[in-house]
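Working notes, structure below.
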There are 2 protein chains.
Amino acid sequence: MGSMYLGIDLGGTEIKMAVVSDQGKIIEENRISNKANSDPSEIAKRIILHAKGMKNFKKLRGTGIGAAGDIDQEKGVIRFSPNLPNWKGTNLRALLGKELPGPIMVDNDANVAALGAYWLETKGKAKNMVCITMGTGIGGGLIFDGKLYRGATGSAGEIGHVSYEPFGPECKCGNLGCIERYVGAQYLNERARELLKNTESYTISTLVKGNYEDITPKVLAEAAEAGDSVAKKVWEEAGERLGIFLSSIINLLNPDIIVLAGGVSRANNLLLKPIKDAVAKRAFKTSARACRIIISEYDRNLGVVGAALLAKK
Amino acid sequence: MGSMYLGIDLGGTEIKMAVVSDQGKIIEENRISNKANSDPSEIAKRIILHAKGMKNFKKLRGTGIGAAGDIDQEKGVIRFSPNLPNWKGTNLRALLGKELPGPIMVDNDANVAALGAYWLETKGKAKNMVCITMGTGIGGGLIFDGKLYRGATGSAGEIGHVSYEPFGPECKCGNLGCIERYVGAQYLNERARELLKNTESYTISTLVKGNYEDITPKVLAEAAEAGDSVAKKVWEEAGERLGIFLSSIINLLNPDIIVLAGGVSRANNLLLKPIKDAVAKRAFKTSARACRIIISEYDRNLGVVGAALLAKK
């Protein structure tokens, strides 16, 4: 067994903690509840307490923390987190560094998930990876030459805010036609509701007990698996759009692997088949053939594993 | 003075050669004519002869060659070059390595131009750069963490074949709506001719002596500078499209600098102003502020300088 690292996935409702091997294996884990208006110094005390209670605490060679939002990786500071407004400006490195094993590394959830996927899905063997986390928002992380690529100001990887249509619908970021606006969870749900204005769906209606506002990607995946034509159309459209989009990513970055993760990606083949069809039609052949496109099996652990491996040299 | 390298820019009509300092300064240069049906081994002999005739030949610490087409950088082989069909499969490393100082490095023209721009425009100081070469085709090269990024199969940086509109006009690569299809030289010329169907332009007509088939980006730049409304519209449209496109690149890659080079970029502010306007409106603020967008002043030397610096460790 090589070195071990402590990973902390700092969420708005829950904090996951795990002792992780240098190959990305979870050895020991733990959870703490959190809430949006939590106080950083109180939560830090609880994190430290739980960390010290872990069997392998003495063996840890570093600590990594992942959180949603704008993170100053160099300083280890949360500049701003949408889920944890009170944590604005919190210096996690200072707050945790006295009690937890250093180095204390901090990064945003999308980068951390990419690093987790890199180890869990490729055992650290891929050279260049693009990771796309698909939930309400579409996030991303880039691994180039085996390392997280952060760009000039640590802001790289905003894959959700790459344009799909130059004059498409307005995105919350202020731009028009961002890919998030087409394949983010809420837009899939909206698209289904739009289609349901003209087509009845007994399956979807049953799954949401008649309330279309309760449609989620999970409902749409279930309905599509059961053969529902509206749900199938939503996934086909989303998959084709993602495939067109990924063809561009493949031509630009020529990655070894693209990993899709997050709630929306659990639609699996409903999404993956139209993606692969579009890529086969549109991307450069050499680059397309060199690029595996997969959906992560390790979904829920990517954050905590990736966080831990931030601390690996 | 540090080390010196020999750069060879292998074009279809001309071969530029230069002795280049490790900071990208041209110390000595030379040209050989070439033609599309030239024989590789004959040309290689002439290259070697001319190289040996250079004053600083003994001081060279390596040789780099740039050529259009599909290059196997690891083996130093031209897999295929559209400008030099007879050179298909030519192992330049083997052909030149016995007589010219090694290492013998080979890469495609877009990567080589990016490396040249990296040294000439940033003195090797930028961390992350995107270079876009704009001529008949739109090419690109990516520098990440100070090094050329080549991707899984050496095919990265095909910026011209990133989608601008998912169902736009067909591109010669087989995909639809590639950005090259909107801002490549021939499409600017076509767009001008289209506009001229409904609007007369005394300026353009005079510049091309009445033959609209002779319209070039250079003509359009001259006409726009002279206030011609058709030409101005062509550049405003192209600039806005490039700006929308670069907003995506900025959100995705968060580069320190984007360098535009090649014939089309010589329109300078006609292109740069609408680009910057679109980026200011559309890209993430932090990333947009961190990214300089410039047009290369060293245009014609990027290839030979970048080629030489391929050989720099």
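Ligands are numbered from 1 in the order shown, chains are lettered A, B, ... in the order of the structure tokens, and residues start at 1 in each chain.
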Inset, instruction - Please determine the contact residues of chain B with respect to chain A at a cut-off of 6 Å, counting only C-alpha atoms, and supply them as an NGL selection string. - result: :B and (151-152 or 156-159 or 162-163 or 165 or 175 or 248 or 251-256 or 282)
Identify, with DSSP run on backbone atoms, the residues in region 37-198 of chain A assigned to strand (DSSP E or B), and express the list as a PDB file with N, CA and C atoms, in the first residue's frame.
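Once everything was written out, this is selection_34.pdb:
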ATOM      1  N   LEU A  60      -1.825   9.553   7.015  1.00  0.00           N
ATOM      2  CA  LEU A  60      -2.169  10.473   5.921  1.00  0.00           C
ATOM      3  C   LEU A  60      -0.979  11.344   5.505  1.00  0.00           C
ATOM      4  N   ARG A  61      -0.848  11.544   4.200  1.00  0.00           N
ATOM      5  CA  ARG A  61       0.265  12.330   3.667  1.00  0.00           C
ATOM      6  C   ARG A  61      -0.204  13.642   3.037  1.00  0.00           C
ATOM      7  N   GLY A  62      -1.462  14.010   3.306  1.00  0.00           N
ATOM      8  CA  GLY A  62      -1.981  15.263   2.746  1.00  0.00           C
ATOM      9  C   GLY A  62      -3.497  15.272   2.777  1.00  0.00           C
ATOM     10  N   THR A  63      -4.057  16.451   2.550  1.00  0.00           N
ATOM     11  CA  THR A  63      -5.509  16.636   2.621  1.00  0.00           C
ATOM     12  C   THR A  63      -5.974  17.455   1.416  1.00  0.00           C
ATOM     13  N   GLY A  64      -7.034  17.004   0.769  1.00  0.00           N
ATOM     14  CA  GLY A  64      -7.587  17.764  -0.343  1.00  0.00           C
ATOM     15  C   GLY A  64      -9.064  18.032  -0.125  1.00  0.00           C
ATOM     16  N   ILE A  65      -9.500  19.210  -0.534  1.00  0.00           N
ATOM     17  CA  ILE A  65     -10.900  19.597  -0.349  1.00  0.00           C
ATOM     18  C   ILE A  65     -11.467  20.066  -1.682  1.00  0.00           C
ATOM     19  N   GLY A  66     -12.651  19.579  -2.011  1.00  0.00           N
ATOM     20  CA  GLY A  66     -13.362  20.052  -3.200  1.00  0.00           C
ATOM     21  C   GLY A  66     -14.638  20.764  -2.787  1.00  0.00           C
ATOM     22  N   ALA A  67     -14.931  21.884  -3.434  1.00  0.00           N
ATOM     23  CA  ALA A  67     -16.169  22.616  -3.142  1.00  0.00           C
ATOM     24  C   ALA A  67     -16.663  23.279  -4.418  1.00  0.00           C
ATOM     25  N   ASP A  70     -16.040  29.315  -6.924  1.00  0.00           N
ATOM     26  CA  ASP A  70     -14.814  29.939  -7.413  1.00  0.00           C
ATOM     27  C   ASP A  70     -13.752  29.785  -6.329  1.00  0.00           C
ATOM     28  N   ILE A  71     -12.723  29.000  -6.651  1.00  0.00           N
ATOM     29  CA  ILE A  71     -11.711  28.651  -5.652  1.00  0.00           C
ATOM     30  C   ILE A  71     -10.365  29.241  -6.057  1.00  0.00           C
ATOM     31  N   ASP A  72      -9.656  29.823  -5.118  1.00  0.00           N
ATOM     32  CA  ASP A  72      -8.270  30.217  -5.355  1.00  0.00           C
ATOM     33  C   ASP A  72      -7.395  29.036  -4.940  1.00  0.00           C
ATOM     34  N   VAL A  77      -8.226  29.158  -0.880  1.00  0.00           N
ATOM     35  CA  VAL A  77      -9.310  30.005  -0.383  1.00  0.00           C
ATOM     36  C   VAL A  77     -10.580  29.806  -1.226  1.00  0.00           C
ATOM     37  N   ILE A  78     -11.724  29.724  -0.568  1.00  0.00           N
ATOM     38  CA  ILE A  78     -13.006  29.754  -1.272  1.00  0.00           C
ATOM     39  C   ILE A  78     -13.332  31.217  -1.564  1.00  0.00           C
ATOM     40  N   ARG A  79     -13.196  31.624  -2.824  1.00  0.00           N
ATOM     41  CA  ARG A  79     -13.536  33.015  -3.159  1.00  0.00           C
ATOM     42  C   ARG A  79     -15.046  33.217  -3.042  1.00  0.00           C
ATOM     43  N   PHE A  80     -15.789  32.220  -3.528  1.00  0.00           N
ATOM     44  CA  PHE A  80     -17.240  32.314  -3.499  1.00  0.00           C
ATOM     45  C   PHE A  80     -17.809  30.919  -3.753  1.00  0.00           C
ATOM     46  N   ASN A  91     -10.349  30.830   4.171  1.00  0.00           N
ATOM     47  CA  ASN A  91      -9.054  30.239   3.848  1.00  0.00           C
ATOM     48  C   ASN A  91      -8.995  28.843   4.465  1.00  0.00           C
ATOM     49  N   ILE A 104      -2.374  21.040   2.291  1.00  0.00           N
ATOM     50  CA  ILE A 104      -3.829  21.213   2.220  1.00  0.00           C
ATOM     51  C   ILE A 104      -4.144  21.841   0.864  1.00  0.00           C
ATOM     52  N   MET A 105      -4.791  21.074   0.012  1.00  0.00           N
ATOM     53  CA  MET A 105      -5.090  21.543  -1.342  1.00  0.00           C
ATOM     54  C   MET A 105      -6.603  21.740  -1.505  1.00  0.00           C
ATOM     55  N   VAL A 106      -6.973  22.781  -2.247  1.00  0.00           N
ATOM     56  CA  VAL A 106      -8.401  23.064  -2.443  1.00  0.00           C
ATOM     57  C   VAL A 106      -8.654  23.291  -3.928  1.00  0.00           C
ATOM     58  N   ASP A 107      -9.756  22.771  -4.432  1.00  0.00           N
ATOM     59  CA  ASP A 107     -10.111  23.038  -5.828  1.00  0.00           C
ATOM     60  C   ASP A 107     -11.627  22.939  -5.993  1.00  0.00           C
ATOM     61  N   ASN A 108     -12.115  23.374  -7.138  1.00  0.00           N
ATOM     62  CA  ASN A 108     -13.565  23.331  -7.326  1.00  0.00           C
ATOM     63  C   ASN A 108     -14.055  21.915  -7.654  1.00  0.00           C
ATOM     64  N   MET A 129      -7.480  13.826 -20.679  1.00  0.00           N
ATOM     65  CA  MET A 129      -8.859  13.468 -20.402  1.00  0.00           C
ATOM     66  C   MET A 129      -9.737  14.709 -20.278  1.00  0.00           C
ATOM     67  N   VAL A 130     -10.932  14.597 -20.794  1.00  0.00           N
ATOM     68  CA  VAL A 130     -11.936  15.635 -20.586  1.00  0.00           C
ATOM     69  C   VAL A 130     -13.039  15.007 -19.747  1.00  0.00           C
ATOM     70  N   CYS A 131     -13.376  15.631 -18.620  1.00  0.00           N
ATOM     71  CA  CYS A 131     -14.444  15.120 -17.766  1.00  0.00           C
ATOM     72  C   CYS A 131     -15.587  16.125 -17.770  1.00  0.00           C
ATOM     73  N   ILE A 132     -16.787  15.637 -17.987  1.00  0.00           N
ATOM     74  CA  ILE A 132     -17.956  16.516 -18.025  1.00  0.00           C
ATOM     75  C   ILE A 132     -18.932  16.059 -16.951  1.00  0.00           C
ATOM     76  N   THR A 133     -19.194  16.917 -15.983  1.00  0.00           N
ATOM     77  CA  THR A 133     -20.134  16.583 -14.924  1.00  0.00           C
ATOM     78  C   THR A 133     -21.472  17.214 -15.276  1.00  0.00           C
ATOM     79  N   MET A 134     -22.477  16.345 -15.384  1.00  0.00           N
ATOM     80  CA  MET A 134     -23.766  16.767 -15.906  1.00  0.00           C
ATOM     81  C   MET A 134     -24.836  16.677 -14.845  1.00  0.00           C
ATOM     82  N   ILE A 138     -23.695  22.171 -16.157  1.00  0.00           N
ATOM     83  CA  ILE A 138     -22.727  21.310 -16.848  1.00  0.00           C
ATOM     84  C   ILE A 138     -21.344  21.852 -16.502  1.00  0.00           C
ATOM     85  N   GLY A 139     -20.557  21.034 -15.794  1.00  0.00           N
ATOM     86  CA  GLY A 139     -19.211  21.466 -15.416  1.00  0.00           C
ATOM     87  C   GLY A 139     -18.181  20.632 -16.133  1.00  0.00           C
ATOM     88  N   GLY A 140     -16.933  20.977 -15.937  1.00  0.00           N
ATOM     89  CA  GLY A 140     -15.926  20.191 -16.610  1.00  0.00           C
ATOM     90  C   GLY A 140     -14.568  20.318 -15.955  1.00  0.00           C
ATOM     91  N   GLY A 141     -13.736  19.360 -16.235  1.00  0.00           N
ATOM     92  CA  GLY A 141     -12.357  19.398 -15.767  1.00  0.00           C
ATOM     93  C   GLY A 141     -11.486  18.810 -16.852  1.00  0.00           C
ATOM     94  N   LEU A 142     -10.287  19.357 -17.000  1.00  0.00           N
ATOM     95  CA  LEU A 142      -9.378  18.931 -18.062  1.00  0.00           C
ATOM     96  C   LEU A 142      -8.099  18.374 -17.443  1.00  0.00           C
ATOM     97  N   ILE A 143      -7.707  17.208 -17.895  1.00  0.00           N
ATOM     98  CA  ILE A 143      -6.425  16.628 -17.481  1.00  0.00           C
ATOM     99  C   ILE A 143      -5.548  16.573 -18.724  1.00  0.00           C
ATOM    100  N   PHE A 144      -4.451  17.310 -18.710  1.00  0.00           N
ATOM    101  CA  PHE A 144      -3.521  17.278 -19.842  1.00  0.00           C
ATOM    102  C   PHE A 144      -2.190  16.743 -19.343  1.00  0.00           C
ATOM    103  N   LYS A 147      -2.029  15.800 -15.712  1.00  0.00           N
ATOM    104  CA  LYS A 147      -2.210  16.778 -14.628  1.00  0.00           C
ATOM    105  C   LYS A 147      -3.435  17.653 -14.868  1.00  0.00           C
ATOM    106  N   LEU A 148      -4.063  18.101 -13.790  1.00  0.00           N
ATOM    107  CA  LEU A 148      -5.177  19.034 -13.918  1.00  0.00           C
ATOM    108  C   LEU A 148      -4.696  20.293 -14.620  1.00  0.00           C
ATOM    109  N   TYR A 149      -5.445  20.694 -15.650  1.00  0.00           N
ATOM    110  CA  TYR A 149      -5.139  21.931 -16.351  1.00  0.00           C
ATOM    111  C   TYR A 149      -6.070  23.002 -15.814  1.00  0.00           C
ATOM    112  N   SER A 163     -20.186  27.635 -26.394  1.00  0.00           N
ATOM    113  CA  SER A 163     -21.366  27.873 -27.224  1.00  0.00           C
ATOM    114  C   SER A 163     -21.754  26.634 -28.031  1.00  0.00           C
ATOM    115  N   GLU A 170     -30.771  32.432 -24.026  1.00  0.00           N
ATOM    116  CA  GLU A 170     -29.875  33.057 -23.054  1.00  0.00           C
ATOM    117  C   GLU A 170     -29.552  32.091 -21.914  1.00  0.00           C
ATOM    118  N   LEU A 176     -25.157  33.543 -24.901  1.00  0.00           N
ATOM    119  CA  LEU A 176     -26.280  32.916 -25.599  1.00  0.00           C
ATOM    120  C   LEU A 176     -25.885  31.524 -26.069  1.00  0.00           C
ATOM    121  N   CYS A 178     -25.207  28.566 -24.748  1.00  0.00           N
ATOM    122  CA  CYS A 178     -24.234  27.671 -24.115  1.00  0.00           C
ATOM    123  C   CYS A 178     -24.779  26.238 -24.115  1.00  0.00           C
TER     124      CYS A 178
END
Inset, instruction - Find the distance between CA of Gly2 (chain A) and CA of Gly303 (chain A) and write it in Å to one decimal. - result: 20.6 Å
Inset, instruction - Show which residues sit within 12 Å of Ile26 (chain B), as a list in words. Count only C-alpha atoms, and ignore same-chain residues fewer than 3 positions away. - result: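 Result of the neighbour search: Met4, Tyr5, Leu6, Gly7, Lys16, Met17, Ala18, Val19, Val20, Ser21, Asp22, Gln23, Glu29, Asn30, Asn56, Gly116, Trp119, Leu120, Tyr298, Asn301, Leu302, Gly303, Val304, Val305, Gly306, Ala307, Ala308 and Leu309 of chain B.
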Since we have the selection now, will you write its residues out, keeping C-alpha atoms, as a PDB file, in the first residue's frame?
ATOM      1  CA  MET B   4      21.189  28.177 -31.717  1.00  0.00           C
ATOM      2  CA  TYR B   5      18.871  25.962 -33.705  1.00  0.00           C
ATOM      3  CA  LEU B   6      18.179  25.447 -37.397  1.00  0.00           C
ATOM      4  CA  GLY B   7      14.579  26.053 -38.418  1.00  0.00           C
ATOM      5  CA  LYS B  16      12.676  28.997 -45.549  1.00  0.00           C
ATOM      6  CA  MET B  17      15.671  28.190 -43.425  1.00  0.00           C
ATOM      7  CA  ALA B  18      17.036  30.146 -40.485  1.00  0.00           C
ATOM      8  CA  VAL B  19      19.481  29.947 -37.653  1.00  0.00           C
ATOM      9  CA  VAL B  20      17.467  30.976 -34.612  1.00  0.00           C
ATOM     10  CA  SER B  21      18.564  31.812 -31.062  1.00  0.00           C
ATOM     11  CA  ASP B  22      17.002  30.024 -28.099  1.00  0.00           C
ATOM     12  CA  GLN B  23      14.940  33.193 -27.540  1.00  0.00           C
ATOM     13  CA  GLU B  29      18.444  33.109 -43.033  1.00  0.00           C
ATOM     14  CA  ASN B  30      18.170  31.507 -46.418  1.00  0.00           C
ATOM     15  CA  ASN B  56      26.714  29.403 -37.661  1.00  0.00           C
ATOM     16  CA  GLY B 116       6.984  30.653 -33.009  1.00  0.00           C
ATOM     17  CA  TRP B 119       8.555  32.927 -28.365  1.00  0.00           C
ATOM     18  CA  LEU B 120       8.197  35.976 -30.595  1.00  0.00           C
ATOM     19  CA  TYR B 298       5.877  38.510 -36.834  1.00  0.00           C
ATOM     20  CA  ASN B 301       8.617  34.352 -39.507  1.00  0.00           C
ATOM     21  CA  LEU B 302       6.469  32.328 -37.138  1.00  0.00           C
ATOM     22  CA  GLY B 303       6.984  29.114 -39.100  1.00  0.00           C
ATOM     23  CA  VAL B 304      10.743  29.145 -39.360  1.00  0.00           C
ATOM     24  CA  VAL B 305      11.286  30.388 -35.794  1.00  0.00           C
ATOM     25  CA  GLY B 306       8.820  27.878 -34.342  1.00  0.00           C
ATOM     26  CA  ALA B 307      10.408  25.078 -36.355  1.00  0.00           C
ATOM     27  CA  ALA B 308      13.849  25.900 -34.946  1.00  0.00           C
ATOM     28  CA  LEU B 309      12.506  25.987 -31.394  1.00  0.00           C
TER      29      LEU B 309
END
Inset, instruction - Taking the chain letters and numbering used in this document, name the residues of region 188-301 of chain A that DSSP puts in alpha helix (DSSP H), as number ranges by chain. - result: A: 188-196, 202-207, 217-225, 229-253, 269-282, 285-290
Legend entry - Shell of 9 Å around region 258-271 of chain B, only C-alpha atoms, local chain residues under 3 positions omitted, as a PyMOL selection string: chain B and resi 113-114+117-118+121+128-136+183-185+217-218+220-222+224-225+232+235-240+242+246+250+255+274-276+291-300+302
Export, as a compact mmCIF listing (two decimals), in the first residue's frame, the selected residues with N, CA and C atoms.
# COMPACT_ATOMS: atom_id res chain seq x y z
N ALA B 113 3.86 27.28 -35.98
CA ALA B 113 3.53 28.71 -35.90
C ALA B 113 3.18 29.10 -34.47
N ALA B 114 2.47 28.21 -33.77
CA ALA B 114 2.11 28.50 -32.37
C ALA B 114 3.37 28.63 -31.52
N ALA B 117 5.02 31.90 -32.35
CA ALA B 117 4.30 33.03 -31.73
C ALA B 117 4.56 33.08 -30.23
N TYR B 118 4.67 31.89 -29.64
CA TYR B 118 4.92 31.82 -28.20
C TYR B 118 6.23 32.52 -27.85
N GLU B 121 6.06 36.50 -29.55
CA GLU B 121 5.07 37.42 -28.98
C GLU B 121 5.11 37.47 -27.46
N ASN B 128 -0.14 29.79 -20.93
CA ASN B 128 -1.10 29.08 -21.78
C ASN B 128 -1.53 29.97 -22.94
N MET B 129 -1.27 29.51 -24.15
CA MET B 129 -1.53 30.31 -25.33
C MET B 129 -2.34 29.53 -26.35
N VAL B 130 -3.24 30.21 -27.02
CA VAL B 130 -3.95 29.63 -28.17
C VAL B 130 -3.53 30.45 -29.38
N CYS B 131 -3.03 29.78 -30.41
CA CYS B 131 -2.63 30.48 -31.63
C CYS B 131 -3.55 30.04 -32.76
N ILE B 132 -4.07 31.00 -33.49
CA ILE B 132 -4.96 30.69 -34.60
C ILE B 132 -4.38 31.25 -35.88
N THR B 133 -4.07 30.36 -36.82
CA THR B 133 -3.51 30.80 -38.09
C THR B 133 -4.64 30.86 -39.11
N MET B 134 -4.83 32.06 -39.65
CA MET B 134 -5.99 32.31 -40.49
C MET B 134 -5.59 32.59 -41.92
N GLY B 135 -5.81 31.61 -42.76
CA GLY B 135 -5.57 31.79 -44.19
C GLY B 135 -6.75 31.17 -44.92
N THR B 136 -6.45 30.42 -45.99
CA THR B 136 -7.51 29.68 -46.66
C THR B 136 -8.17 28.75 -45.66
N VAL B 183 -14.98 32.04 -41.37
CA VAL B 183 -13.94 33.08 -41.33
C VAL B 183 -12.68 32.70 -42.11
N GLY B 184 -12.70 31.58 -42.82
CA GLY B 184 -11.59 31.25 -43.71
C GLY B 184 -11.61 32.21 -44.91
N ALA B 185 -10.45 32.45 -45.50
CA ALA B 185 -10.31 33.45 -46.57
C ALA B 185 -11.37 33.31 -47.66
N PRO B 217 -8.93 38.68 -49.01
CA PRO B 217 -9.01 39.38 -47.73
C PRO B 217 -8.22 40.70 -47.75
N LYS B 218 -7.12 40.71 -48.49
CA LYS B 218 -6.32 41.93 -48.58
C LYS B 218 -7.13 43.06 -49.25
N LEU B 220 -10.35 43.24 -49.34
CA LEU B 220 -11.44 43.60 -48.44
C LEU B 220 -10.95 44.49 -47.30
N ALA B 221 -9.73 44.25 -46.86
CA ALA B 221 -9.16 45.10 -45.80
C ALA B 221 -8.92 46.51 -46.34
N GLU B 222 -8.34 46.58 -47.54
CA GLU B 222 -8.09 47.90 -48.15
C GLU B 222 -9.38 48.67 -48.35
N ALA B 224 -12.25 48.27 -46.82
CA ALA B 224 -12.85 48.65 -45.54
C ALA B 224 -12.13 49.87 -44.95
N GLU B 225 -10.81 49.87 -45.05
CA GLU B 225 -10.04 51.02 -44.56
C GLU B 225 -10.46 52.30 -45.29
N LYS B 232 -16.66 46.61 -44.97
CA LYS B 232 -16.78 46.78 -43.52
C LYS B 232 -17.73 45.74 -42.92
N TRP B 235 -16.05 42.32 -42.55
CA TRP B 235 -15.15 42.22 -41.39
C TRP B 235 -15.90 42.26 -40.08
N GLU B 236 -16.96 43.07 -40.02
CA GLU B 236 -17.73 43.11 -38.77
C GLU B 236 -18.37 41.76 -38.46
N GLU B 237 -18.93 41.15 -39.49
CA GLU B 237 -19.52 39.82 -39.31
C GLU B 237 -18.47 38.79 -38.90
N ALA B 238 -17.36 38.80 -39.62
CA ALA B 238 -16.30 37.82 -39.33
C ALA B 238 -15.76 38.03 -37.91
N GLY B 239 -15.57 39.29 -37.55
CA GLY B 239 -15.06 39.60 -36.22
C GLY B 239 -16.03 39.18 -35.12
N GLU B 240 -17.30 39.44 -35.34
CA GLU B 240 -18.28 39.03 -34.32
C GLU B 240 -18.29 37.51 -34.17
N LEU B 242 -15.88 35.39 -34.89
CA LEU B 242 -14.65 34.98 -34.21
C LEU B 242 -14.72 35.31 -32.73
N LEU B 246 -14.26 32.76 -29.88
CA LEU B 246 -13.16 32.88 -28.91
C LEU B 246 -13.69 32.97 -27.47
N ILE B 250 -12.11 30.86 -24.55
CA ILE B 250 -11.69 31.49 -23.29
C ILE B 250 -12.35 30.81 -22.10
N PRO B 255 -6.95 30.85 -21.44
CA PRO B 255 -5.56 31.13 -21.81
C PRO B 255 -5.10 32.52 -21.35
N PRO B 274 -14.36 44.07 -33.39
CA PRO B 274 -15.57 43.26 -33.14
C PRO B 274 -15.30 41.99 -32.33
N ILE B 275 -14.10 41.42 -32.46
CA ILE B 275 -13.75 40.27 -31.62
C ILE B 275 -13.82 40.67 -30.15
N LYS B 276 -13.14 41.77 -29.83
CA LYS B 276 -13.08 42.17 -28.41
C LYS B 276 -14.45 42.57 -27.87
N CYS B 291 -7.14 37.40 -20.42
CA CYS B 291 -6.69 36.95 -21.74
C CYS B 291 -6.44 38.12 -22.70
N ARG B 292 -5.19 38.31 -23.07
CA ARG B 292 -4.87 39.26 -24.13
C ARG B 292 -5.21 38.63 -25.47
N ILE B 293 -5.76 39.41 -26.38
CA ILE B 293 -5.98 38.91 -27.74
C ILE B 293 -5.19 39.83 -28.67
N ILE B 294 -4.25 39.29 -29.40
CA ILE B 294 -3.40 40.12 -30.27
C ILE B 294 -3.29 39.52 -31.66
N ILE B 295 -2.85 40.36 -32.57
CA ILE B 295 -2.55 39.89 -33.92
C ILE B 295 -1.03 39.91 -34.06
N SER B 296 -0.48 38.81 -34.51
CA SER B 296 0.97 38.70 -34.53
C SER B 296 1.61 39.67 -35.52
N GLU B 297 2.64 40.35 -35.06
CA GLU B 297 3.41 41.23 -35.93
C GLU B 297 4.45 40.46 -36.73
N TYR B 298 4.75 39.24 -36.26
CA TYR B 298 5.88 38.51 -36.83
C TYR B 298 5.45 37.49 -37.87
N ASP B 299 4.19 37.59 -38.22
CA ASP B 299 3.54 36.71 -39.15
C ASP B 299 4.42 35.80 -40.00
N ARG B 300 5.20 36.38 -40.89
CA ARG B 300 5.91 35.58 -41.88
C ARG B 300 7.04 34.75 -41.29
N LEU B 302 6.90 33.25 -38.20
CA LEU B 302 6.47 32.33 -37.14
C LEU B 302 6.88 30.90 -37.45
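Distance-wise, CA of Lys98 (chain B) and CA of Ile27 (chain B) end up 23.7 Å apart.
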Inset, instruction - Name the closest residue to Ser81 (chain A) among the candidates A:Ala226, A:Leu188, A:Ile179, A:Leu10; distances are taken between atoms, counting only C-alpha atoms. - result: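 Smallest separation from Ser81 (chain A) among the options: A:Leu10.
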